[in-house]
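Data block for run_38.cif (mmCIF, C-alpha atoms):
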data_coords
#
loop_
_atom_site.label_atom_id
_atom_site.label_comp_id
_atom_site.auth_asym_id
_atom_site.auth_seq_id
_atom_site.Cartn_x
_atom_site.Cartn_y
_atom_site.Cartn_z
CA MET H 16 91.07 42.80 79.26
CA ALA H 17 91.12 44.09 75.75
CA GLU H 18 90.99 41.77 72.77
CA LEU H 19 92.25 41.98 69.23
CA HIS H 20 91.14 39.89 66.26
CA ILE H 21 93.26 39.75 63.14
CA ILE H 22 91.41 38.11 60.27
CA GLY H 23 92.65 38.16 56.72
CA GLN H 24 95.04 36.60 54.28
CA ILE H 25 98.45 36.86 52.76
CA ILE H 26 97.34 37.46 49.19
CA GLY H 27 100.57 37.02 47.27
CA ALA H 28 103.81 38.52 46.15
CA THR H 29 104.99 40.48 43.16
CA GLY H 30 108.17 42.04 41.85
CA PHE H 31 110.52 39.13 42.50
CA PRO H 32 112.94 37.88 39.84
CA GLN H 33 111.32 34.44 39.61
CA ASN H 34 107.77 33.36 40.16
CA SER H 35 107.74 30.04 41.98
CA LEU H 36 107.49 31.42 45.51
CA PHE H 37 106.38 30.54 49.01
CA CYS H 38 106.37 32.51 52.21
CA LYS H 39 107.14 31.69 55.84
CA TRP H 40 105.37 34.09 58.15
CA GLY H 41 105.03 34.68 61.86
CA VAL H 42 103.50 37.19 64.27
CA HIS H 43 105.59 38.54 67.11
CA THR H 44 104.14 40.40 70.12
CA GLY H 45 105.33 41.89 73.37
CA GLY H 46 105.02 40.28 76.79
CA ALA H 47 101.63 41.73 77.68
CA TRP H 48 99.87 39.91 74.79
CA ARG H 49 98.52 36.39 74.94
CA LEU H 50 97.36 34.32 71.98
CA LEU H 51 93.94 32.83 72.61
CA SER H 52 93.37 31.04 69.33
CA GLY H 53 94.87 30.72 65.89
CA LEU H 54 98.26 29.84 64.49
CA LYS H 55 100.82 32.55 64.90
CA GLU H 56 103.22 31.23 62.33
CA GLY H 57 103.06 29.18 59.23
CA GLN H 58 104.23 28.55 55.73
CA THR H 59 102.23 29.08 52.57
CA GLN H 60 102.00 26.78 49.57
CA VAL H 61 104.37 27.15 46.64
CA ASP H 62 102.66 28.99 43.78
CA MET H 63 103.70 29.01 40.13
CA PRO H 64 101.48 31.51 38.35
CA GLN H 65 100.39 30.52 34.88
CA THR H 66 99.54 34.02 33.70
CA GLY H 67 100.98 37.24 34.96
CA ASP H 68 103.72 38.09 37.36
CA MET H 69 102.07 37.88 40.77
CA ALA H 70 102.25 34.68 42.81
CA TYR H 71 99.02 34.11 44.78
CA TRP H 72 98.86 32.29 48.08
CA SER H 73 95.55 33.37 49.70
CA HIS H 74 96.90 32.07 52.98
CA PRO H 75 94.37 32.66 55.79
CA ILE H 76 95.39 34.43 58.97
CA ASP H 77 92.98 34.18 61.89
CA LEU H 78 94.35 35.26 65.27
CA HIS H 79 92.74 36.21 68.55
CA TYR H 80 94.91 38.03 71.10
CA THR H 81 94.15 39.40 74.53
CA THR H 82 96.29 42.08 76.10
CA LYS H 83 96.95 44.02 79.27
CA GLY H 84 99.02 46.76 77.68
CA LEU H 85 99.69 48.61 74.45
CA GLN H 86 103.41 47.90 74.29
CA GLY H 87 104.55 45.23 71.92
CA TRP H 88 101.75 45.67 69.39
CA PRO H 89 101.80 42.63 67.04
CA LYS H 90 104.21 42.64 64.10
CA LEU H 91 103.99 40.28 61.17
CA HIS H 92 107.33 39.17 59.76
CA LEU H 93 107.81 37.31 56.49
CA GLN H 94 110.47 35.41 54.59
CA VAL H 95 109.86 34.91 50.90
CA TRP H 96 111.58 31.89 49.37
CA HIS H 97 111.88 30.64 45.83
CA GLN H 98 111.61 26.95 44.99
CA ASP H 99 113.04 25.93 41.65
CA SER H 100 112.12 22.96 39.47
CA PHE H 101 114.65 20.75 41.25
CA GLY H 102 113.09 21.43 44.63
CA ARG H 103 115.90 23.64 45.96
CA CYS H 104 114.88 26.60 48.08
CA GLN H 105 116.55 29.99 47.90
CA LEU H 106 115.86 33.00 50.08
CA TYR H 107 114.32 35.91 48.20
CA GLY H 108 113.53 38.40 50.90
CA TYR H 109 112.81 39.32 54.49
CA GLY H 110 110.17 41.83 55.46
CA TYR H 111 107.99 42.90 58.34
CA ILE H 112 104.93 45.05 58.87
CA HIS H 113 103.01 46.22 61.94
CA ILE H 114 99.46 44.96 62.28
CA PRO H 115 97.30 48.09 61.82
CA SER H 116 96.02 49.60 65.04
CA SER H 117 92.78 51.03 63.69
CA PRO H 118 89.84 48.67 63.24
CA GLY H 119 88.58 47.87 59.77
CA GLN H 120 89.74 46.41 56.47
CA HIS H 121 93.30 47.20 55.42
CA ARG H 122 95.17 46.41 52.25
CA LEU H 123 98.87 46.32 53.08
CA GLN H 124 102.05 46.10 51.09
CA CYS H 125 105.14 44.75 52.78
CA VAL H 126 108.45 45.51 51.06
CA THR H 127 111.24 42.97 51.33
CA TRP H 128 115.02 43.00 51.28
CA ARG H 129 117.74 40.40 50.92
CA PRO H 130 121.24 40.37 52.39
CA LEU H 131 123.97 40.86 49.82
CA GLY H 132 127.30 39.14 50.28
CA SER H 133 130.73 40.09 48.98
CA TRP H 134 131.43 40.12 45.24
CA GLN H 135 132.71 36.53 45.48
CA ASP H 136 129.43 35.46 47.04
CA GLN H 137 127.48 37.22 44.35
CA LEU H 138 129.47 35.55 41.62
CA ALA H 139 128.95 32.12 43.15
CA GLU H 140 125.27 32.90 43.54
CA MET H 141 124.98 33.60 39.85
CA PHE H 142 126.18 30.11 39.03
CA VAL H 143 124.98 27.81 41.76
CA GLY H 144 122.27 29.83 43.51
CA GLY H 145 121.92 30.13 47.26
CA GLY H 146 123.06 33.28 48.98
CA PRO H 147 123.60 34.62 52.48
CA GLN H 148 120.83 34.36 55.07
CA LEU H 149 120.40 35.89 58.50
CA ARG H 150 121.57 33.66 61.33
CA SER H 151 118.60 34.55 63.44
CA PRO H 152 115.34 35.89 61.97
CA ASP H 153 114.81 38.18 64.99
CA LEU H 154 116.76 40.86 63.18
CA ILE H 155 113.87 41.24 60.71
CA TYR H 156 111.60 42.89 63.26
CA SER H 157 113.87 44.12 66.03
CA GLY H 158 115.50 47.50 65.97
CA ALA H 159 118.95 46.09 66.68
CA ASP H 160 122.09 47.30 65.00
CA ARG H 161 122.11 46.63 61.26
CA TYR H 162 125.12 48.78 60.69
CA ARG H 163 127.24 46.21 58.89
CA LEU H 164 124.45 44.56 56.94
CA HIS H 165 124.54 45.21 53.22
CA THR H 166 121.21 44.50 51.56
CA VAL H 167 119.33 44.87 48.31
CA GLY H 168 115.62 45.54 47.91
CA MET H 169 113.38 42.84 46.48
CA GLY H 170 109.68 42.56 45.68
CA THR H 171 106.51 43.30 47.63
CA VAL H 172 104.11 41.05 49.53
CA GLU H 173 100.45 42.03 49.57
CA LEU H 174 98.18 41.31 52.50
CA GLU H 175 94.60 42.07 53.34
CA LEU H 176 93.79 42.18 57.03
CA CYS H 177 90.64 43.00 58.94
CA VAL H 178 91.37 44.26 62.45
CA ILE H 179 88.65 44.06 65.10
CA LEU H 180 89.17 45.56 68.54
CA ARG H 181 87.12 44.70 71.58
CA HIS H 182 86.83 46.57 74.89
CA PHE H 183 89.67 48.94 74.05
CA ASP H 184 87.37 51.89 74.76
CA ARG H 185 86.73 50.62 78.30
CA TYR H 186 90.33 51.42 79.08
CA GLY H 187 90.23 54.81 77.47
CA VAL H 188 92.16 53.80 74.35
CA GLU H 189 91.06 55.63 71.23
CA SER H 190 91.75 54.24 67.78
CA MET F 1 61.01 45.17 81.20
CA THR F 2 63.62 43.32 79.22
CA SER F 3 67.32 43.92 79.55
CA ASN F 4 69.09 43.57 76.26
CA ASN F 5 72.22 41.55 76.91
CA PRO F 6 73.15 39.87 73.69
CA ALA F 7 75.44 36.90 73.92
CA VAL F 8 76.05 36.43 70.22
CA PHE F 9 76.39 38.68 67.22
CA LEU F 10 74.94 38.00 63.78
CA LEU F 11 76.62 38.51 60.44
CA MET F 12 74.27 38.64 57.48
CA VAL F 13 75.65 38.27 53.98
CA ASN F 14 73.85 39.06 50.74
CA GLY F 15 75.88 38.71 47.67
CA GLN F 16 76.70 36.97 44.46
CA ILE F 17 79.45 35.17 42.67
CA GLU F 18 79.64 37.66 39.90
CA ALA F 19 82.06 36.50 37.24
CA ALA F 20 85.17 34.51 36.55
CA ASP F 21 88.24 35.49 34.66
CA PHE F 22 90.30 32.55 33.45
CA PRO F 23 92.34 33.63 30.44
CA GLU F 24 92.81 30.14 29.08
CA TYR F 25 89.56 28.32 29.68
CA ASP F 26 86.17 28.90 28.13
CA ASP F 27 83.65 26.74 29.88
CA LEU F 28 83.42 26.41 33.65
CA TYR F 29 80.99 25.57 36.41
CA SER F 30 81.33 25.87 40.12
CA PRO F 31 79.84 24.25 43.17
CA ALA F 32 80.45 26.94 45.77
CA SER F 33 80.48 25.87 49.38
CA LEU F 34 80.72 27.80 52.60
CA ASN F 35 82.65 26.18 55.33
CA SER F 36 79.68 26.13 57.65
CA GLN F 37 76.98 24.45 55.57
CA ILE F 38 75.27 24.86 52.16
CA THR F 39 76.31 23.52 48.76
CA SER F 40 74.76 24.49 45.47
CA LYS F 41 75.60 24.63 41.78
CA GLY F 42 75.43 27.07 38.94
CA ARG F 43 76.19 26.53 35.29
CA GLY F 44 78.57 28.76 33.37
CA SER F 45 78.08 30.28 29.95
CA GLN F 46 80.66 31.17 27.33
CA SER F 47 81.24 34.62 28.74
CA LEU F 48 81.80 33.25 32.24
CA VAL F 49 79.25 35.39 34.05
CA TRP F 50 77.41 33.55 36.81
CA ASN F 51 75.38 35.95 38.94
CA PHE F 52 75.00 33.15 41.43
CA PRO F 53 73.22 34.45 44.56
CA LEU F 54 74.39 34.07 48.16
CA ASP F 55 72.14 34.79 51.09
CA ILE F 56 73.17 33.56 54.55
CA THR F 57 73.38 34.64 58.15
CA PHE F 58 76.14 33.51 60.50
CA LYS F 59 76.27 33.54 64.26
CA SER F 60 79.48 34.52 66.10
CA THR F 61 81.92 32.73 63.81
CA ARG F 62 84.65 33.79 61.43
CA PRO F 63 83.29 32.36 58.22
CA GLN F 64 85.12 31.87 54.96
CA ILE F 65 83.74 31.14 51.55
CA VAL F 66 85.46 28.43 49.52
CA VAL F 67 84.91 28.40 45.76
CA SER F 68 85.93 25.53 43.52
CA VAL F 69 85.71 25.79 39.76
CA TYR F 70 85.64 22.87 37.31
CA GLY F 71 85.64 22.66 33.56
CA PRO F 72 86.01 20.18 30.70
CA ASP F 73 89.45 19.43 29.30
CA THR F 74 90.34 18.47 25.71
CA PHE F 75 88.94 14.98 26.14
CA GLY F 76 85.72 16.07 27.81
CA ASN F 77 86.55 15.00 31.37
CA ASP F 78 85.71 17.29 34.25
CA VAL F 79 88.85 18.58 35.83
CA ALA F 80 89.47 21.10 38.59
CA ARG F 81 90.34 24.54 37.24
CA GLY F 82 90.75 26.37 40.49
CA TYR F 83 90.19 26.55 44.24
CA GLY F 84 90.09 29.74 46.23
CA ALA F 85 88.94 30.98 49.60
CA ILE F 86 88.38 34.29 51.28
CA HIS F 87 87.18 35.48 54.71
CA ILE F 88 83.77 37.10 54.64
CA PRO F 89 84.31 40.75 55.59
CA PHE F 90 83.17 41.97 59.00
CA THR F 91 82.72 45.62 58.16
CA PRO F 92 79.18 46.54 57.14
CA GLY F 93 78.74 47.77 53.61
CA LYS F 94 79.37 46.66 50.07
CA HIS F 95 82.57 44.81 49.15
CA THR F 96 83.77 43.53 45.80
CA LYS F 97 86.58 41.04 46.04
CA PRO F 98 88.47 39.16 43.35
CA ILE F 99 89.65 35.78 44.62
CA PRO F 100 92.68 34.19 42.99
CA MET F 101 92.07 30.59 41.94
CA PHE F 102 94.76 27.93 41.92
CA VAL F 103 95.08 24.20 41.18
CA PRO F 104 97.42 21.67 42.73
CA GLU F 105 100.42 20.80 40.59
CA SER F 106 101.73 17.35 39.79
CA THR F 107 105.05 16.49 41.33
CA SER F 108 106.83 15.35 38.17
CA ARG F 109 106.61 15.88 34.43
CA LEU F 110 105.68 12.27 33.84
CA GLN F 111 102.75 12.62 36.17
CA THR F 112 101.67 15.81 34.43
CA PHE F 113 101.65 13.97 31.12
CA THR F 114 99.78 10.88 32.33
CA SER F 115 97.21 12.96 34.13
CA TRP F 116 96.64 15.03 30.98
CA LEU F 117 96.14 11.80 29.04
CA MET F 118 93.88 10.05 31.54
CA GLY F 119 91.92 13.14 32.52
CA ARG F 120 92.60 12.63 36.22
CA ARG F 121 94.34 15.74 37.40
CA PRO F 122 95.47 16.32 40.97
CA GLU F 123 92.59 17.65 43.04
CA PHE F 124 92.15 18.46 46.69
CA THR F 125 90.21 15.63 48.33
CA ASP F 126 88.58 18.12 50.66
CA PRO F 127 88.23 21.64 49.22
CA LYS F 128 88.16 23.00 52.78
CA VAL F 129 91.94 22.61 52.90
CA VAL F 130 92.03 25.87 50.98
CA ALA F 131 90.41 27.65 53.92
CA GLN F 132 92.90 26.44 56.50
CA GLY F 133 96.38 27.59 57.28
CA GLU F 134 97.94 24.29 58.28
CA GLY F 135 99.13 21.56 56.01
CA ARG F 136 99.60 23.78 53.00
CA ASP F 137 103.31 24.14 53.23
CA VAL F 138 104.09 21.06 51.18
CA THR F 139 101.66 21.70 48.35
CA ARG F 140 102.66 23.11 45.00
CA VAL F 141 99.97 24.99 43.15
CA ARG F 142 99.53 27.03 40.03
CA SER F 143 97.35 30.11 40.02
CA GLN F 144 95.44 30.62 36.82
CA GLY F 145 92.48 32.95 37.16
CA PHE F 146 90.13 34.96 39.34
CA VAL F 147 86.56 34.79 40.52
CA THR F 148 84.88 38.05 41.55
CA LEU F 149 82.52 38.01 44.53
CA GLN F 150 80.32 40.81 45.70
CA PHE F 151 79.14 41.04 49.31
CA ASN F 152 76.72 43.29 51.16
CA ILE F 153 77.30 42.88 54.87
CA VAL F 154 75.03 43.75 57.77
CA THR F 155 76.04 43.04 61.36
CA LYS F 156 73.90 42.97 64.47
CA ASP F 157 75.00 43.49 68.08
CA MET F 158 78.69 43.67 67.37
CA LYS F 159 78.95 47.10 68.99
CA LYS F 160 76.92 45.98 71.99
CA LEU F 161 79.36 43.17 72.61
CA GLY F 162 82.22 45.61 72.50
CA TYR F 163 83.61 44.85 69.05
CA GLU F 164 84.81 47.73 66.92
CA THR F 165 85.06 47.00 63.26
CA THR F 166 85.37 50.51 61.83
CA SER F 167 87.38 53.43 63.05
CA GLU F 168 84.62 56.05 63.17
CA HIS F 169 83.75 57.05 66.71
CA SER F 170 80.22 55.88 67.36
CA ALA F 171 77.63 57.80 69.35
CA ALA F 172 77.49 56.81 73.00
CA THR F 173 74.93 54.19 73.88
CA GLY F 174 72.98 54.28 77.13
CA LEU F 175 75.69 52.33 78.95
CA THR F 176 78.14 54.11 81.19
CA ARG F 177 81.77 53.43 80.51
CA THR F 178 84.49 53.34 83.09
CA SER F 179 87.85 54.41 81.84
CA GLN F 180 90.91 53.22 83.65
CA LYS F 181 94.53 53.57 82.87
CA LEU F 182 96.04 50.52 81.21
#

Any chance you could give the structure as structure tokens?
Amino acid sequence: MAELHIIGQIIGATGFPQNSLFCKWGVHTGGAWRLLSGLKEGQTQVDMPQTGDMAYWSHPIDLHYTTKGLQGWPKLHLQVWHQDSFGRCQLYGYGYIHIPSSPGQHRLQCVTWRPLGSWQDQLAEMFVGGGPQLRSPDLIYSGADRYRLHTVGMGTVELELCVILRHFDRYGVES
Amino acid sequence: MTSNNPAVFLLMVNGQIEAADFPEYDDLYSPASLNSQITSKGRGSQSLVWNFPLDITFKSTRPQIVVSVYGPDTFGNDVARGYGAIHIPFTPGKHTKPIPMFVPESTSRLQTFTSWLMGRRPEFTDPKVVAQGEGRDVTRVRSQGFVTLQFNIVTKDMKKLGYETTSEHSAATGLTRTSQKL
């Protein structure tokens, strides 16, 4: 069976309106993949950068998958949240990115978006914070119908991942 | 006649902790530790260049390097200025990586003030926490600088064990390969 190692880190995020950010992340795969070791979801620390605009997490990702098929290649999905000085958390963006399929070091940028409510919601958000969230986070990485969803683009999350493949060439897979 | 069937691969790292960039602090030192073994110290100068050498070989693990940086505060006590960690790259060649450094934050303003006065800032009890993914979701940190590391990586027997770490097609070895449909 072929194996895939994903080793790297979620470096940080930039381009968001406020700086005190944390990120909830997870990796989703198809049915043919099995996780042998590592945590496939997690939450980073909250970072308040002293200088500059980018929030740094350096959150390690270390996953080992084995697979019987190419369908359902792993996808990493993220939710970026903002924590203010009172400890309240507000959603700042959803995003997802495919794990690269070619072996080697990759520097990735994942763009994020946030659902936008009606004008009443936006007005309330300006005063008390909060904002609409997705009922189920599956929509971030599935291709389901987003026809009625009105969203606005937010910042970017940077990741650095090293992808190592093992025994893929035994099955005739070229990458 | 020996048959070469390696069971482990080796990862050899030559490198250095090159420099640090902390915009607000002038004088720093760092005990750098690798989460497998070794601890050693280097002393910093005013221009924050260390050139601290690293020379290790690892066997079949996924090593990370954890760097912690300390410096004197206004009263002369040693306080933590930053922790950072990075995975050692698996692809052979030369890599230069800046690592962001961050410190844990106090939970309230009163605690920030008393810790500034007493010189006892929040620190991680075990710097290896920075290298792990669990248990970080309740910590608040502040990032305040970078440390640049330079690595030269050489690997042995990774291809023989079937691992591909770069996307160039390698020349065929003496082994025959069976290709089946997945």

Length of the atom CA of Gln98 of chain H to atom CA of Val42 of chain H vector [Å] | 23.3 Å

Would you mind reading off the distance between atom CA of Asn5 of chain F and atom CA of Lys160 of chain F, one decimal, in Å?
-> 8.1 Å

May I ask you to extract the residues of chain H within 6 Å of chain F, using only C-alpha atoms, and to give them as JSON, numbers by chain?
-> {"H": [58, 59, 60, 61, 62, 63, 64, 65, 75, 84, 117, 118, 119, 179, 180, 181, 182, 185, 186, 187]}

Atoms to include: C-alpha atoms. Write the selected residues as a CSV table (one decimal), in the frame of the given file.
chain,number,residue,atom,x,y,z
H,58,GLN,CA,104.2,28.6,55.7
H,59,THR,CA,102.2,29.1,52.6
H,60,GLN,CA,102.0,26.8,49.6
H,61,VAL,CA,104.4,27.2,46.6
H,62,ASP,CA,102.7,29.0,43.8
H,63,MET,CA,103.7,29.0,40.1
H,64,PRO,CA,101.5,31.5,38.4
H,65,GLN,CA,100.4,30.5,34.9
H,75,PRO,CA,94.4,32.7,55.8
H,84,GLY,CA,99.0,46.8,77.7
H,117,SER,CA,92.8,51.0,63.7
H,118,PRO,CA,89.8,48.7,63.2
H,119,GLY,CA,88.6,47.9,59.8
H,179,ILE,CA,88.6,44.1,65.1
H,180,LEU,CA,89.2,45.6,68.5
H,181,ARG,CA,87.1,44.7,71.6
H,182,HIS,CA,86.8,46.6,74.9
H,185,ARG,CA,86.7,50.6,78.3
H,186,TYR,CA,90.3,51.4,79.1
H,187,GLY,CA,90.2,54.8,77.5

Answer key for the PyMOL selection byres ((chain H and resi 125-132) around 12), residues as number ranges by chain = H: 25-31, 38, 40, 90-96, 105-114, 122-124, 133-140, 145-150, 154-156, 161, 163-175

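Evaluated against this file, the PyMOL selection byres ((chain F and resi 81) around 6) yields Val69, Tyr70, Ala80 and Gly82 of chain F.
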
Shortest interatomic distance to Leu176 of chain H - which of H:Pro115, H:Gly144, H:Gly45, H:Pro152, counting all atoms listed in the file | H:Pro115

Pairwise distance, atom CA of Leu51 of chain H with atom CA of Leu78 of chain H, equals 7.7 Å

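The residue that comes closest to Asn152 of chain F, out of F:Ser68, F:Ser60, F:Gln111, F:Thr96 and on the basis of all atoms listed in the file, is F:Thr96.
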
Run the PyMOL selection byres ((chain H and resi 44) around 6) on the file and write out the hits as a list of chain:residue names.
-> H:His43, H:Gly45, H:Gly87, H:Trp88, H:Pro89

Within 7 Å of Trp48 of chain H, counting only C-alpha atoms, which residues qualify if same-chain residues fewer than 5 places away don't, as a PyMOL selection string?
-> chain H and resi 80-83

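Closest approach to Gly102 of chain H among H:Ser35, H:Val178, H:His121, H:Gln24 is made by H:Ser35 (distances from all atoms listed in the file).
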
Show which residues sit within 9 Å of Lys156 of chain F, as a VMD selection string. Count all atoms listed in the file, and ignore same-chain residues fewer than 3 positions away.
-> chain F and resid 8 to 12 159 to 160

Just add N, CA and C atoms to segment 147-166 of chain H and send it as a short mmCIF file (atom, residue, chain, number, x, y, z; two decimals), in the frame of the given file.
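Result written to result-v2.cif:
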data_model
loop_
_atom_site.label_atom_id
_atom_site.label_comp_id
_atom_site.auth_asym_id
_atom_site.auth_seq_id
_atom_site.Cartn_x
_atom_site.Cartn_y
_atom_site.Cartn_z
N PRO H 147 123.53 34.51 51.02
CA PRO H 147 123.60 34.62 52.48
C PRO H 147 122.22 34.76 53.09
N GLN H 148 122.08 34.24 54.32
CA GLN H 148 120.83 34.36 55.07
C GLN H 148 121.17 34.87 56.45
N LEU H 149 120.18 35.43 57.13
CA LEU H 149 120.40 35.89 58.50
C LEU H 149 120.52 34.69 59.41
N ARG H 150 121.42 34.79 60.41
CA ARG H 150 121.57 33.66 61.33
C ARG H 150 120.35 33.51 62.20
N SER H 151 119.79 34.65 62.61
CA SER H 151 118.60 34.55 63.44
C SER H 151 117.56 35.50 62.88
N PRO H 152 116.34 35.02 62.60
CA PRO H 152 115.34 35.89 61.97
C PRO H 152 114.83 37.01 62.87
N ASP H 153 115.27 37.09 64.12
CA ASP H 153 114.81 38.18 64.99
C ASP H 153 115.19 39.53 64.44
N LEU H 154 116.28 39.57 63.68
CA LEU H 154 116.76 40.86 63.18
C LEU H 154 115.74 41.50 62.24
N ILE H 155 114.83 40.70 61.66
CA ILE H 155 113.87 41.24 60.71
C ILE H 155 112.99 42.27 61.39
N TYR H 156 112.59 42.00 62.64
CA TYR H 156 111.60 42.89 63.26
C TYR H 156 112.14 43.61 64.48
N SER H 157 113.38 43.39 64.87
CA SER H 157 113.87 44.12 66.03
C SER H 157 114.66 45.32 65.54
N GLY H 158 114.81 46.29 66.39
CA GLY H 158 115.50 47.50 65.97
C GLY H 158 116.99 47.42 66.21
N ALA H 159 117.53 46.24 66.32
CA ALA H 159 118.95 46.09 66.68
C ALA H 159 119.84 46.63 65.57
N ASP H 160 121.11 46.67 65.87
CA ASP H 160 122.09 47.30 65.00
C ASP H 160 122.23 46.57 63.67
N ARG H 161 121.93 47.26 62.57
CA ARG H 161 122.11 46.63 61.26
C ARG H 161 123.23 47.31 60.53
N TYR H 162 124.11 47.91 61.27
CA TYR H 162 125.12 48.78 60.69
C TYR H 162 125.96 48.10 59.62
N ARG H 163 126.34 46.84 59.84
CA ARG H 163 127.24 46.21 58.89
C ARG H 163 126.51 45.41 57.82
N LEU H 164 125.20 45.42 57.85
CA LEU H 164 124.45 44.56 56.94
C LEU H 164 124.24 45.28 55.61
N HIS H 165 124.67 44.64 54.56
CA HIS H 165 124.54 45.21 53.22
C HIS H 165 123.40 44.47 52.51
N THR H 166 122.38 45.20 52.09
CA THR H 166 121.21 44.50 51.56
C THR H 166 120.77 45.11 50.24
#
